[in-house]
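Q: Please find one structure pasted underneath; my questions will follow.
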Amino acid sequence: MSEGVQAGSTPGASDGEQPGDGRRVRVVLVDDHRMFRTGVRAEIGRTEVTGVEVVGEAPDVDQAVTVINTTRPEVVLLDVHLPGGGGVEVLRRCAPLMGAVENPVRFLALSVSDAAEDVIGVIRGGARGYVTKTITGTDLVDSVFRVQEGDAVFSPRLAGFVLDAFASTDAPPVDEDLDRLTQREREVLRLIARGYAYKEIAKQLFISVKTVESHVSAVLRKLQLSNRHELTRWATARRLV
């Protein structure tokens, strides 16, 4: 492999972390290079040693979305450049899973690229962190568990890209209008703004079309908007799409 997880000390056995400590995390690997996926699985997927259980793999966007929806892992290791639209497209199509109130699916980008636009793109898309493929197996295992717990994780210097990008945003730190919406209403809002039909949203969120209609009505009422076109403009202006 031209790129791969570097061999390190036994994953999960460094820094006082002993194998068999009871920690477990279910992971899906998304990368278009089969040999790289095989290497990552071999390095971190020894569940009894690392606590990581690899429950699925995918080489492109469509298969990734299918596997993630089927297995509902706790963490997805996601390559940035994938056939079918890239990692950002996977994040877009899995937005309802990331926004789930219970057992959300969290994403950690794992890529050869350390370009600022790639880092910022997937973080804006909802990923919890970004590490490069030079990371050791031990550090990757630690990063996966940290993301599972809700932390943000970055390879050295990449965090600076994100801080600079978000420091320059025009969006206010607190949005009172957005705070009026429930978590489910926000999910429906984002999907409506991305052009999804009511039936597609119902399927994505496992709710009825009538429930979708009720959520849309509530969102329009709370935001004092008249139709989905105004809603889309509102969401786009706040970079929610």
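For the structure tokens, the naming scheme is as follows: chains receive sequential letters (A, B, ...) according to their order of presentation, residues are indexed from 1 within each chain, and ligands are indexed from 1 in presentation order.
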According to DSSP computed on the backbone, where in range 93-140 of chain A is there alpha helix (DSSP H)? Give the residues as JSON, numbers by chain.
A: {"A": [93, 95, 96, 97, 98, 116, 117, 118, 119, 120, 121, 122, 123, 124, 125, 137, 138, 139, 140]}
Q: So that I have them on file, write out the residues from the current selection with C-alpha atoms, as a PDB file, in the first residue's frame.
A:
ATOM      1  CA  ARG A  93     -26.894  11.522   3.043  1.00  0.00           C
ATOM      2  CA  ALA A  95     -27.245  13.582   8.260  1.00  0.00           C
ATOM      3  CA  PRO A  96     -30.303  12.038   9.976  1.00  0.00           C
ATOM      4  CA  LEU A  97     -28.092   9.383  11.590  1.00  0.00           C
ATOM      5  CA  MET A  98     -25.651  12.001  12.842  1.00  0.00           C
ATOM      6  CA  ALA A 116      -7.367  22.852   4.163  1.00  0.00           C
ATOM      7  CA  GLU A 117     -10.367  22.657   1.811  1.00  0.00           C
ATOM      8  CA  ASP A 118     -10.748  18.911   2.439  1.00  0.00           C
ATOM      9  CA  VAL A 119     -10.516  19.311   6.206  1.00  0.00           C
ATOM     10  CA  ILE A 120     -12.965  22.212   6.343  1.00  0.00           C
ATOM     11  CA  GLY A 121     -15.377  20.537   3.906  1.00  0.00           C
ATOM     12  CA  VAL A 122     -15.924  17.386   5.963  1.00  0.00           C
ATOM     13  CA  ILE A 123     -16.031  19.246   9.269  1.00  0.00           C
ATOM     14  CA  ARG A 124     -18.729  21.549   7.896  1.00  0.00           C
ATOM     15  CA  GLY A 125     -20.460  18.375   6.723  1.00  0.00           C
ATOM     16  CA  GLY A 137      -2.637   2.120  14.875  1.00  0.00           C
ATOM     17  CA  THR A 138      -2.499   2.981  18.563  1.00  0.00           C
ATOM     18  CA  ASP A 139      -3.400   6.616  17.977  1.00  0.00           C
ATOM     19  CA  LEU A 140      -6.164   5.669  15.536  1.00  0.00           C
TER      20      LEU A 140
END
Q: What lies within 9 Å of Val147 in chain A using only C-alpha atoms, ignoring chain neighbours under 5 positions off, as a list of chain:residue names?
A: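 Using only C-alpha atoms, the neighbours found are A:Glu74, A:Val75, A:Arg106, A:Phe107, A:Leu108, A:Arg128, A:Gly129, A:Asp142, A:Ala152, A:Val153.
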Q: So that I can check the secondary structure, give me every residue of range 23-59 of chain A assigned strand (DSSP E) by backbone DSSP, as a list in words.
A: Val25, Arg26, Val27, Val28, Leu29, Val30, Val52, Glu53, Val54, Val55, Gly56, Glu57 and Ala58 of chain A
Q: Selected residues, N, CA, C and O atoms, written as a tab-separated table (two decimals), in the first residue's frame, please.
A:
chain	number	residue	atom	x	y	z
A	25	VAL	N	-16.36	-0.45	20.62
A	25	VAL	CA	-16.90	0.50	19.65
A	25	VAL	C	-17.06	-0.22	18.32
A	25	VAL	O	-16.19	-0.95	17.88
A	26	ARG	N	-18.22	-0.01	17.69
A	26	ARG	CA	-18.53	-0.61	16.40
A	26	ARG	C	-18.19	0.39	15.30
A	26	ARG	O	-18.63	1.55	15.34
A	27	VAL	N	-17.42	-0.06	14.31
A	27	VAL	CA	-16.85	0.84	13.32
A	27	VAL	C	-17.13	0.34	11.91
A	27	VAL	O	-17.10	-0.87	11.65
A	28	VAL	N	-17.38	1.27	10.98
A	28	VAL	CA	-17.44	0.98	9.55
A	28	VAL	C	-16.28	1.69	8.87
A	28	VAL	O	-15.99	2.86	9.17
A	29	LEU	N	-15.60	1.00	7.95
A	29	LEU	CA	-14.48	1.56	7.19
A	29	LEU	C	-14.96	1.95	5.80
A	29	LEU	O	-15.51	1.11	5.08
A	30	VAL	N	-14.74	3.21	5.41
A	30	VAL	CA	-15.14	3.66	4.09
A	30	VAL	C	-13.90	4.21	3.37
A	30	VAL	O	-13.36	5.27	3.75
A	52	VAL	N	-12.15	-2.52	19.24
A	52	VAL	CA	-12.78	-2.06	18.01
A	52	VAL	C	-13.34	-3.25	17.24
A	52	VAL	O	-12.62	-4.20	16.93
A	53	GLU	N	-14.62	-3.19	16.91
A	53	GLU	CA	-15.26	-4.22	16.09
A	53	GLU	C	-15.62	-3.60	14.74
A	53	GLU	O	-16.46	-2.70	14.67
A	54	VAL	N	-14.97	-4.06	13.68
A	54	VAL	CA	-15.28	-3.57	12.34
A	54	VAL	C	-16.50	-4.32	11.84
A	54	VAL	O	-16.45	-5.52	11.60
A	55	VAL	N	-17.61	-3.60	11.67
A	55	VAL	CA	-18.88	-4.24	11.33
A	55	VAL	C	-19.25	-4.09	9.85
A	55	VAL	O	-20.25	-4.63	9.40
A	56	GLY	N	-18.43	-3.35	9.10
A	56	GLY	CA	-18.73	-3.19	7.69
A	56	GLY	C	-17.67	-2.39	6.97
A	56	GLY	O	-16.88	-1.67	7.60
A	57	GLU	N	-17.65	-2.51	5.64
A	57	GLU	CA	-16.72	-1.77	4.80
A	57	GLU	C	-17.46	-1.30	3.55
A	57	GLU	O	-18.47	-1.89	3.17
A	58	ALA	N	-16.93	-0.25	2.92
A	58	ALA	CA	-17.53	0.23	1.67
A	58	ALA	C	-16.47	0.98	0.86
A	58	ALA	O	-15.64	1.69	1.43
